[in-house]
Structures are given as structure tokens and as C-alpha cells.
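Trainee: Okay, handing you the structure first.
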Amino acid sequence: MKRDEIDFGKTSVTRLFVELFIPTFLGLLFGAMLNLADGIFVGRGVGSDALAAVNIAAPVFMLFSGIALMFGAGVSVVAAIHLSRGNVKAANINVTQAFTVSLLLVGILLVFVLAFPSQVNVLFGGSKVLEPYVVDYLRYVSVGLLGSVITLCGLFVIRLDGSPRYAMMVSVVPATLNIGLDWLMVFPLHMGIKGAALATSVAEVVGVVMVVAYVARFTRTISLYRPKFSPKALRLTLRNTGYMVRMGFPTFVGETAMSCAMIVGNYMFMSRLHEDGVAAFSVACYLFPLVFMFGNAIAQSSLPIISYNHGLNDTGRIRQTFRLSVGTTTVCGLLISLAVIALTPAVVHLFLGDAHAPTVIAVAGLPLFAVGFGFFSLNIVLIGYFQSLEQARTATLFMLLRGYVLVIPCFIFLPRLIGDAGLWLAVPLTEALTLIVIVATLIARRS
């Protein structure tokens with residue numbers, strides 16, 4: 001396998017950022033396109049109720065993804081610092097623990113989801129009308145949920161090992177397969193929402209095979225360690241896991257924050273606009289990963305650079321990476337907001353087709369929702385900056401602020417003040433207020 005020539009401590013920061021960002025961006029782009037295609041196929045091929053049902057089940061995905069990303073980001077920070085100091089063995093032990101503990105935790109949670117799917121529907125804001133769709137989707141997507149943990153955690157490890165192009169392929173190949181299978185199972189085979197779920201599960205299994213193949217055969221520096229189960233080994237595992245969780249916890253909060261916004265949004269849209277409102281809101285939720293993809297690609301690209309040079313105490317390279325990531329994010333966020341606002345009718349029609357009532361609601365509200373995309377991307381990158389410097393407490397506080405503290409009251413009270421437009425402006429207002437607090441904190445620390 002052709003190697004990527006990467007040295008986190010010596011390669012030019014601009015070149016290093018580009019070499020990491022382009023494959024990371026392309027990999028996440030395919031993942032986002034998969035998410036959009038899945039929504040289009042379900043909305044056009046099964047119906048608006050099925051689309052709303054996927055939106056009800058989506059927080060389960062985000063919870064599991066949050067766990068995987070928490071361990072992936074945490075081990076990326078911790079192992080990068082170990083590698084910068086030449087401690088390869090410690091880095092390998094951390095990687096092994098990240099895979100095993102995250103997989104065990106998600107496996108336990110999946111048992112509860114499969115045992116109580118109807119309760120999950122109620123908990124996340126669904127109705128009796130949507131319950132059959134939600135139950136079917138969760139049952140058939142379960143293998144994909146488990147596989148996504150290995151894939152997402154593996155992406156961080158592969159990039160840290162110096163192979164961002166292979167990491168890109170781990171995203172691109174399953175996403176491309178998923179899109180093809182989605183079309184096949186929903187349209188020619190008429191398998192409905194079950195087909196969309198099965199397509200996801202099959203594609204995730206392919207991603208798992210690619211990650212396992214890389215770790216088993218192609219790694220340059222990082223490799224898995226044989227687990228030990230002595231009392232001392234278990235104590236060290238708990239200690240190391242606790243540290244990785246602390247470093248990656250802001251990422252977990254950020255991922256579950258989106259699920260929190262979706263859950264609260266589902267409740268509020270259901271209470272004011274019923275199933276048609278949830279279907280319209282689902283269009284915005286399907287677009288959210290596309291926006292998250294830009295900010296996340298920049299944050300994931302800068303994370304190993306900043307963490308590695310933090311281990312070397314090279315503040316010059318850290319500042320250069322910070323400026324580059326913030327500038328790139330600002331431009332991307334602005335362009336995405338303008339594109340979605342300009343193309344709203346076409347975007348909504350892709351998802352909802354001729355479903356008249358949900359389409360009218362979405363066309364009126366989506367431009368309002370898109371106003372917050374730039375704020376959202378900047379928040380993800382700025383919080384990732386604190387995380388990369390081992391300032392997990394600060395990063396977690398900001399994530400909690402945008403994910404829970406502000407978004408819930410904004411969703412509850414803004415519609416009471418300005419009507420249904422407040423449903424769409426709740427998330428943008430949350431992100432804007434959070435950005436003000438983060439920028440004020442940065443200015444205060446540098447003054």
C-alpha cells in the first residue's frame with residue numbers, strides 16, 4: 001500500500017493541513033452525501049411518514065456515533081502526544097483500549113434499543129402513526145449501528161498512523177455502496193424502510209472489514225496490543241479509558257447535542273405542526289450532517305497537528321494551524337448558508353416530492369434554519385481547538401452550552417415569542433450565542 005508521507009512535527013503546517021483536510025473532507029463528504037441520498041430515497045420511495053420516522057430514530061445513531069467519536073478523538077489526542085514523545089507502546093495500548101471499550105459499551109446499549117423499540121419511539125418524540133416505521137428501521141439497522149463504532153473510531157486511528165487517504169477510502173467505499181443498495185432496495189425491490197436500514201448495515205460491515213484489514217496488515221506505527229485481564233491491567237485500562245473519555249467527551253457532547261436538538265425539535269414540531277411538521281424538520285436534520293461535515297473535517301484535520309505539536313510545546317505551529325482552520329471554516333460556513341438559502345425549493349422537493357403540506361412548511365422554514373450554519377461550523381472548530389490542547393473541561397462546557405443549556409429554552413420559548421418561525425430559528429440563535437461566548441473567552445485569555 002502506498003504510504004502518505006506525513007510528519008506532524010516537521011512538515012509545513014499548510015501542506016500538512018491540506019494533506020489531511022482533502023482526504024478527510026472527501027471521506028466525510030461521501031458520508032454526508034450518503035445521508036442525503038438515504039433521506040431522498042426514503043422520502044420519495046416510501047413517503048413523508050417514513051422520512052419522519054428516520055428522524056425519530058436518528059438520535060440513536062447519534063448516541064452511538066458520539067461514543068465512537070468520543071473514543072476516536074480521545075485516543076487521537078492521547079496517542080498523538082505519546083507518539084510525539086516516542087512512547088509507541090503506550091499509544092498502541094490506548095488504541096486497543098479505545099476499540100474494545102467503545103465496542104463493549106455500544107453493544108450493551110444496542111441490546112436495550114432492540115429490546116424496547118416502541119419505547120424509543122415515544123422517548124424521541126414519535127407518534128403511533130410513526131411507530132411501525134421506527135421499530136422496523138431500528139431492527140434492521142442494528143448491525144450498522146454496531147459496525148459504525150469500529151469504523152468511526154478507526155478513522156481517527158488510521159489518520160494518526162499517517163494514512164489519511166486510506167481513511168478517506170474507508171468512508172468513500174461504504175458510502176458509495178450504501179447509496180447503490182439504498183436505491184436497489186427501496187425502488188426496484190420495494191423493501192421500504194427495511195431496505196434502507198439493511199443497505200446501511202451491509203455498507204457498515206464493509207467499512208469494518210476495511211478498518212480491520214488496515215490495522216491487521218498495513219499500519220506503519222500503530223498496532224493493536226493483546227488485551228490482558230489481570231487486576232493491574234484492568235486498573236490501567238480504567239485509568240486510560242477515563243483519560244481518553246475526558247479528552248474526547250466534548251466530541252461526545254457535540255454529537256449528542258445534535259440528537260438533543262432533534263429530539264426537542266421533534267417534540268416542538270409535533271406539538272405545533274404534527275407529522276407534517278416533523279417531516280419538514282427532517283429535511284433540515286438531513287442537511288445538518290452536511291454542514292457538520294465541513295466543520296468536522298477541519299477540526300479532525302487540525303486535531304492531530306495541534307495535539308502532536310502541543311506535545312512538543314511548539315506554540316508557533318499551533319497558532320498557524322488555528323488561524324488556517326478558522327479561516328477555512330468561516331469561508332465554508334458562509335458559502336453553505338448562501339447555497340442552501342438560494343436552493344431551498346429544489347432541496348425540499350428532492351426529499352418530499354409532491355407531499356404538499358410538509359413541502360410548504362419546509363420551504364418557508366429552511367432558509368431561517370440555514371442562517372446558523374456558519375456559526376455552527378465555527379463552534380465545532382473552535383471547541384476542537386481547546387480539545388486538542390487537552391483543555392477538555394473548557395471544550396465540554398462550550399459543548400454543553402450549545403447542545404443543552406441554550407438549545408432547549410430557545411426551542412421552547414422562541415416559538416411562543418415569534419410563532420412557528422421560532423422553531424426554525426432556535427438552533428441558529430443557540431449557535432450564535434455560543435460563538436459569542438467562545439470568542440469572548442479567547443479574547444479574555446489572550447489579553
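Ligands are numbered from 1 in the order shown, chains are lettered A, B, ... in the order of the C-alpha cells, and residues start at 1 in each chain.
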I'd like the contact shell of Ala279 (chain A) - 9 Å cut-off, only C-alpha atoms, skipping same-chain residues fewer than 6 positions apart - returned as an mmCIF file with C-alpha atoms, in the first residue's frame.
Mentor:
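Generated file (around04.cif):
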```cif
data_model
loop_
_atom_site.group_PDB
_atom_site.id
_atom_site.type_symbol
_atom_site.label_atom_id
_atom_site.label_comp_id
_atom_site.auth_asym_id
_atom_site.auth_seq_id
_atom_site.Cartn_x
_atom_site.Cartn_y
_atom_site.Cartn_z
ATOM 1 C CA GLY A 43 -38.867 10.372 1.334
ATOM 2 C CA SER A 48 -43.079 11.517 4.333
ATOM 3 C CA ASP A 49 -44.115 9.457 7.381
ATOM 4 C CA ALA A 50 -41.155 7.127 6.812
ATOM 5 C CA LEU A 51 -38.866 10.146 6.480
ATOM 6 C CA ALA A 52 -40.202 11.496 9.766
ATOM 7 C CA ALA A 53 -39.667 8.068 11.370
ATOM 8 C CA ASN A 55 -35.709 11.448 12.004
ATOM 9 C CA LEU A 352 -40.530 15.465 -0.115
ATOM 10 C CA PRO A 358 -44.641 19.248 4.571
ATOM 11 C CA THR A 359 -43.163 20.923 1.485
ATOM 12 C CA ALA A 362 -40.058 23.266 4.831
#
```
Trainee: Taking 6 positions as the minimum chain separation for residues in the same chain, which residues sit within 10 Å of Leu334 (chain A) when counting only C-alpha atoms? Answer as an MDAnalysis selection string.
Mentor: chainID A and resid 370:375 377
Trainee: With a distance cut-off of 9 Å and only C-alpha atoms, select the neighbouring residues of Ala167 (chain A), excluding the residue or stretch itself and same-chain residues fewer than 2 positions from it, and output the selection as JSON, numbers by chain.
Mentor: {"A": [23, 24, 27, 154, 155, 156, 157, 158, 159, 163, 164, 165, 169, 170, 171, 172, 211]}
Trainee: Compare A:Asn94, A:Ser230, A:Thr434, A:Thr219 by their minimum atom-to-atom distance to Leu397 (chain A), counting only C-alpha atoms, and give me the closest one.
Mentor: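 Of A:Asn94, A:Ser230, A:Thr434, A:Thr219, the one nearest Leu397 (chain A) is A:Thr434, counting only C-alpha atoms.
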Trainee: Looking at only C-alpha atoms, which of A:Ala37, A:Met168, A:Ala364, A:Leu104 is the one that sits closest to Gly277 (chain A)?
Mentor: A:Ala364
Trainee: For Gly144 (chain A), which residue among A:Ala216, A:Ala197, A:Leu303, A:Ala175 is the nearest when counting only C-alpha atoms?
Mentor: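 Closest residue, counting only C-alpha atoms: A:Ala197.
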Trainee: What does the distance from CA of Ser142 (chain A) to CA of Met33 (chain A) come to in Å, to one decimal?
Mentor: 21.1 Å
Trainee: Hey, which of A:Ala440, A:Cys153, A:Gly195, A:Arg15 ends up closest to Trp183 (chain A)? Count only C-alpha atoms.
Mentor: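 Of A:Ala440, A:Cys153, A:Gly195, A:Arg15, the one nearest Trp183 (chain A), counting only C-alpha atoms, is A:Gly195.
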Trainee: Excluding Phe41 (chain A) and its own-chain neighbours fewer than 5 positions away, which residues fall within 12 Å of it when counting only C-alpha atoms? Please give them as an NGL selection string.
Mentor: :A and (34-36 or 46-48 or 50-51 or 54 or 178-188 or 190-193 or 195-197 or 199 or 350-353)
Trainee: Would you mind exporting C-alpha atoms of the selected residues as an mmCIF file, in the first residue's frame?
Mentor:
```cif
data_model
loop_
_atom_site.group_PDB
_atom_site.id
_atom_site.type_symbol
_atom_site.label_atom_id
_atom_site.label_comp_id
_atom_site.auth_asym_id
_atom_site.auth_seq_id
_atom_site.Cartn_x
_atom_site.Cartn_y
_atom_site.Cartn_z
ATOM 1 C CA LEU A 34 -24.987 9.109 1.733
ATOM 2 C CA ASN A 35 -27.118 10.718 4.419
ATOM 3 C CA LEU A 36 -28.763 12.997 1.846
ATOM 4 C CA VAL A 46 -41.559 5.272 0.981
ATOM 5 C CA GLY A 47 -43.219 8.554 1.988
ATOM 6 C CA SER A 48 -43.079 11.517 4.333
ATOM 7 C CA ALA A 50 -41.155 7.127 6.812
ATOM 8 C CA LEU A 51 -38.866 10.146 6.480
ATOM 9 C CA VAL A 54 -35.982 8.024 10.379
ATOM 10 C CA ASN A 178 -24.830 2.273 0.661
ATOM 11 C CA ILE A 179 -26.219 4.703 -1.907
ATOM 12 C CA GLY A 180 -26.417 1.971 -4.546
ATOM 13 C CA LEU A 181 -28.042 -0.507 -2.166
ATOM 14 C CA ASP A 182 -30.464 2.181 -0.933
ATOM 15 C CA TRP A 183 -31.729 2.721 -4.470
ATOM 16 C CA LEU A 184 -31.900 -1.010 -5.188
ATOM 17 C CA MET A 185 -33.784 -1.982 -2.039
ATOM 18 C CA VAL A 186 -36.171 0.971 -1.880
ATOM 19 C CA PHE A 187 -37.150 1.246 -5.558
ATOM 20 C CA PRO A 188 -36.679 -1.950 -7.660
ATOM 21 C CA HIS A 190 -39.781 -2.269 -2.918
ATOM 22 C CA MET A 191 -38.453 -3.178 0.545
ATOM 23 C CA GLY A 192 -39.427 0.175 2.041
ATOM 24 C CA ILE A 193 -37.779 1.457 5.182
ATOM 25 C CA GLY A 195 -34.442 -1.890 2.714
ATOM 26 C CA ALA A 196 -32.899 1.458 3.608
ATOM 27 C CA ALA A 197 -31.873 0.075 7.020
ATOM 28 C CA ALA A 199 -28.433 -1.086 2.987
ATOM 29 C CA LEU A 350 -35.718 16.322 -3.570
ATOM 30 C CA PHE A 351 -36.773 14.989 -0.185
ATOM 31 C CA LEU A 352 -40.530 15.465 -0.115
ATOM 32 C CA GLY A 353 -41.561 15.472 -3.760
#
```
Trainee: Hey, can you check how far CA of Tyr385 (chain A) sits from CA of Gly242 (chain A)?
Mentor: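 Separating CA of Tyr385 (chain A) from CA of Gly242 (chain A) is a distance of 20.4 Å.
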